$ cat final_34.cif   # mmCIF, C-alpha atoms
data_work
#
loop_
_atom_site.label_atom_id
_atom_site.label_comp_id
_atom_site.auth_asym_id
_atom_site.auth_seq_id
_atom_site.Cartn_x
_atom_site.Cartn_y
_atom_site.Cartn_z
CA MET A 1 29.93 -58.61 -9.65
CA ASN A 2 29.10 -55.04 -10.56
CA LEU A 3 29.10 -52.17 -8.10
CA ALA A 4 25.31 -51.91 -7.89
CA LYS A 5 24.98 -55.56 -6.89
CA ALA A 6 27.76 -55.20 -4.32
CA ILE A 7 26.03 -52.20 -2.74
CA TYR A 8 22.70 -54.05 -2.69
CA TYR A 9 24.17 -57.18 -1.07
CA ASN A 10 25.95 -55.04 1.51
CA SER A 11 22.71 -53.22 2.36
CA ILE A 12 20.88 -56.48 3.09
CA ALA A 13 23.71 -58.06 5.09
CA PRO A 14 22.49 -59.22 8.53
CA GLU A 15 25.11 -57.03 10.28
CA ASN A 16 23.80 -53.93 8.52
CA ILE A 17 20.14 -54.78 9.14
CA SER A 18 20.99 -55.36 12.81
CA GLN A 19 22.42 -51.81 12.95
CA LEU A 20 19.10 -50.49 11.66
CA VAL A 21 17.34 -52.52 14.36
CA LEU A 22 19.59 -51.04 17.06
CA ASN A 23 18.90 -47.49 15.85
CA ILE A 24 15.15 -48.15 15.83
CA VAL A 25 15.27 -49.63 19.36
CA LYS A 26 17.21 -46.57 20.50
CA GLY A 27 14.56 -44.28 18.97
CA PHE A 28 11.76 -46.16 20.73
CA GLU A 29 13.64 -46.11 24.04
CA ASN A 30 14.37 -42.40 23.65
CA SER A 31 10.70 -41.56 23.14
CA LYS A 32 9.72 -43.48 26.32
CA ILE A 33 6.23 -44.21 24.97
CA ARG A 34 6.28 -47.94 24.32
CA LYS A 35 8.67 -50.76 23.56
CA LEU A 36 9.58 -51.75 20.04
CA ASN A 37 7.71 -54.85 18.93
CA TYR A 38 9.15 -57.43 16.53
CA PHE A 39 6.40 -56.68 14.00
CA ASP A 40 7.14 -52.92 14.00
CA LEU A 41 10.43 -53.63 12.26
CA PHE A 42 8.68 -54.97 9.16
CA ILE A 43 7.04 -51.57 8.64
CA ILE A 44 9.87 -49.24 9.68
CA ILE A 45 12.78 -50.84 7.81
CA PRO A 46 11.04 -50.96 4.39
CA PHE A 47 9.79 -47.39 5.00
CA TYR A 48 13.38 -46.32 5.74
CA SER A 49 14.45 -47.76 2.38
CA TYR A 50 12.20 -45.29 0.55
CA SER A 51 14.13 -42.07 -0.22
CA PRO A 52 11.21 -39.57 0.11
CA ALA A 53 10.63 -40.94 3.61
CA GLN A 54 14.32 -40.50 4.40
CA LYS A 55 14.18 -36.84 3.34
CA GLN A 56 11.13 -36.29 5.54
CA PHE A 57 12.87 -37.75 8.60
CA GLU A 58 16.29 -36.10 8.24
CA ARG A 59 15.28 -33.39 10.68
CA ILE A 60 12.20 -33.61 12.84
CA VAL A 61 10.96 -31.92 15.95
CA PHE A 62 9.62 -34.78 18.03
CA ASN A 63 6.30 -34.37 19.80
CA GLN A 64 4.61 -37.37 21.45
CA ILE A 65 1.13 -36.16 20.61
CA ASN A 66 1.24 -35.28 16.93
CA SER A 67 4.55 -36.34 15.36
CA PHE A 68 3.10 -39.27 13.41
CA GLN A 69 0.20 -37.17 12.20
CA ARG A 70 2.46 -34.27 11.21
CA ASP A 71 5.33 -36.27 9.70
CA VAL A 72 3.44 -39.14 8.04
CA GLU A 73 -0.34 -38.73 7.85
CA ARG A 74 -0.25 -35.13 6.61
CA ASN A 75 2.45 -35.91 4.06
CA PRO A 76 0.92 -38.64 1.91
CA GLU A 77 3.41 -37.86 -0.86
CA ILE A 78 6.14 -39.51 1.21
CA PHE A 79 4.46 -42.88 0.88
CA SER A 80 1.67 -42.53 -1.68
CA ASN A 81 3.74 -44.03 -4.51
CA PHE A 82 5.59 -46.22 -2.09
CA ASN A 83 5.22 -49.89 -2.80
CA PHE A 84 6.41 -51.74 0.27
CA GLN A 85 8.81 -54.36 -0.90
CA TYR A 86 7.17 -55.92 2.08
CA GLU A 87 7.29 -59.61 1.27
CA LYS A 88 10.73 -59.35 -0.35
CA SER A 89 12.24 -57.66 2.70
CA ILE A 90 10.87 -60.02 5.34
CA ARG A 91 13.63 -62.61 5.03
CA HIS A 92 16.40 -59.99 5.27
CA ILE A 93 14.83 -58.31 8.27
CA LYS A 94 14.44 -61.65 10.07
CA GLN A 95 18.13 -62.43 9.40
CA GLY A 96 19.13 -59.04 10.81
CA ILE A 97 17.04 -59.60 13.93
CA LEU A 98 18.50 -63.08 14.42
CA TYR A 99 22.01 -61.68 14.00
CA ALA A 100 21.35 -59.04 16.69
CA LEU A 101 19.87 -61.69 19.01
CA GLU A 102 22.77 -64.10 18.47
CA LYS A 103 25.31 -61.33 19.15
CA GLU A 104 23.26 -60.43 22.25
CA LEU A 105 22.83 -56.84 21.07
CA ILE A 106 19.09 -57.00 21.74
CA VAL A 107 16.73 -59.06 23.90
CA MET A 108 13.22 -60.15 22.91
CA ASP A 109 10.65 -61.08 25.54
CA ASP A 110 7.67 -63.43 25.26
CA LYS A 111 5.48 -60.55 24.00
CA LEU A 112 8.02 -60.03 21.16
CA ASP A 113 9.03 -56.67 22.60
CA ILE A 114 12.64 -55.79 21.86
CA THR A 115 15.04 -53.94 24.17
CA MET A 116 18.68 -52.98 23.91
CA ASN A 117 21.18 -55.29 25.58
CA THR A 118 24.26 -53.17 24.96
CA LYS A 119 25.41 -49.57 25.17
CA PHE A 120 24.71 -47.96 21.84
CA THR A 121 24.87 -44.47 20.44
CA SER A 122 22.55 -43.92 17.51
CA ASP A 123 24.55 -43.31 14.36
CA ILE A 124 21.81 -43.28 11.72
CA LYS A 125 19.74 -40.24 12.67
CA ILE A 126 17.00 -40.80 10.08
CA ILE A 127 15.98 -44.25 11.28
CA PHE A 128 16.42 -43.17 14.92
CA ASN A 129 13.91 -40.36 14.19
CA MET A 130 11.57 -42.85 12.52
CA GLY A 131 11.74 -45.03 15.63
CA LYS A 132 10.75 -42.08 17.83
CA VAL A 133 7.85 -41.03 15.59
CA PHE A 134 6.55 -44.57 14.95
CA SER A 135 6.62 -45.27 18.70
CA THR A 136 3.64 -42.94 19.04
CA LYS A 137 1.38 -45.48 17.28
CA SER A 138 0.60 -49.05 18.24
CA THR A 139 1.81 -51.90 16.06
CA ALA A 140 -1.76 -52.60 14.94
CA SER A 141 -2.27 -48.92 14.03
CA LEU A 142 0.85 -48.98 11.87
CA TYR A 143 -0.27 -52.08 9.98
CA ASN A 144 -3.74 -50.61 9.48
CA PHE A 145 -2.40 -47.26 8.34
CA PHE A 146 0.02 -48.72 5.78
CA GLU A 147 -2.48 -51.41 4.79
CA VAL A 148 -0.05 -54.32 4.91
CA ASP A 149 -0.80 -57.87 5.97
CA ILE A 150 0.86 -58.89 9.23
CA ASN A 151 0.05 -62.53 8.47
CA VAL A 152 2.62 -62.61 5.67
CA ILE A 153 5.38 -62.55 8.28
#

$ encode --input "final_34.cif" --output "structure tokens"
Amino acid sequence: MNLAKAIYYNSIAPENISQLVLNIVKGFENSKIRKLNYFDLFIIIPFYSYSPAQKQFERIVFNQINSFQRDVERNPEIFSNFNFQYEKSIRHIKQGILYALEKELIVMDDKLDITMNTKFTSDIKIIFNMGKVFSTKSTASLYNFFEVDINVI
């Protein structure tokens, strides 16, 4: 196996996806606006995989009122050429969520809202920041904005 394949397989490993999930949950909890919903993950994780989006979210100044507008809507270049590998990533994200649930790192209620079930310090600042900013919009607003089909999940 070549190095590129090894890096790719490592990046989609359930343990690594579950770490992304934990960082996103922590971002949502830190913002104290709303809980992370299961379906939010299928927007945020593919968005995190896009390098222009990562550069945008390295350093942000969080503001509950206009962070999404300032950091996403007013910067269409960070996603304009972005083709969500949406359907391709669904299986990997589901495996990461199941891994986190099985290891009891997170808890999901009957509304599919996800909360932390363990002490955790965010170690991936970019996706933590994305969690905070994306928490300012509802799940439906995110799917409408990015024009992806929730029914594919």

$ closest_residue --input "final_34.cif" --among "A:Tyr143, A:Phe42, A:Phe134, A:Tyr50" --to "Phe68 in chain A" --atoms "all atoms listed in the file"
A:Phe134

$ resolve_selection --input "final_34.cif" --expression "the PyMOL selection byres ((chain A and resi 26) around 12)" --output "ChimeraX atom specification"
/A:19-25,27-32,34-36,105-106,114-133,135

$ residues_around --input "final_34.cif" --residues "Gly96 in chain A" --least-positions-apart "2" --cutoff "12 Å" --atoms "all atoms listed in the file" --output "short mmCIF file (atom, residue, chain, number, x, y, z; two decimals) with C-alpha atoms, in the frame of the given file"
data_model
loop_
_atom_site.label_atom_id
_atom_site.label_comp_id
_atom_site.auth_asym_id
_atom_site.auth_seq_id
_atom_site.Cartn_x
_atom_site.Cartn_y
_atom_site.Cartn_z
CA SER A 11 22.71 -53.22 2.36
CA ILE A 12 20.88 -56.48 3.09
CA ALA A 13 23.71 -58.06 5.09
CA PRO A 14 22.49 -59.22 8.53
CA GLU A 15 25.11 -57.03 10.28
CA ASN A 16 23.80 -53.93 8.52
CA ILE A 17 20.14 -54.78 9.14
CA SER A 18 20.99 -55.36 12.81
CA GLN A 19 22.42 -51.81 12.95
CA LEU A 20 19.10 -50.49 11.66
CA VAL A 21 17.34 -52.52 14.36
CA LEU A 22 19.59 -51.04 17.06
CA TYR A 38 9.15 -57.43 16.53
CA LEU A 41 10.43 -53.63 12.26
CA PHE A 42 8.68 -54.97 9.16
CA ILE A 45 12.78 -50.84 7.81
CA SER A 89 12.24 -57.66 2.70
CA ILE A 90 10.87 -60.02 5.34
CA ARG A 91 13.63 -62.61 5.03
CA HIS A 92 16.40 -59.99 5.27
CA ILE A 93 14.83 -58.31 8.27
CA LYS A 94 14.44 -61.65 10.07
CA LEU A 98 18.50 -63.08 14.42
CA TYR A 99 22.01 -61.68 14.00
CA ALA A 100 21.35 -59.04 16.69
CA LEU A 101 19.87 -61.69 19.01
CA GLU A 102 22.77 -64.10 18.47
CA LYS A 103 25.31 -61.33 19.15
CA LEU A 105 22.83 -56.84 21.07
CA ILE A 106 19.09 -57.00 21.74
#

$ closest_residue --input "final_34.cif" --among "A:Glu104, A:Glu58, A:Arg70, A:Phe39" --to "Asn151 in chain A" --atoms "all atoms listed in the file"
A:Phe39

$ atom_distance --input "final_34.cif" --atom1 "CA of Ile150 in chain A" --atom2 "CA of Pro46 in chain A"
13.8 Å

$ closest_residue --input "final_34.cif" --among "A:Gln95, A:Thr139, A:Asn75, A:Asn37" --to "Gln56 in chain A" --atoms "all atoms listed in the file"
A:Asn75

$ atom_distance --input "final_34.cif" --atom1 "CA of Lys111 in chain A" --atom2 "CA of Ile43 in chain A"
17.9 Å

$ atom_distance --input "final_34.cif" --atom1 "CA of Ser51 in chain A" --atom2 "CA of Asn144 in chain A"
22.1 Å
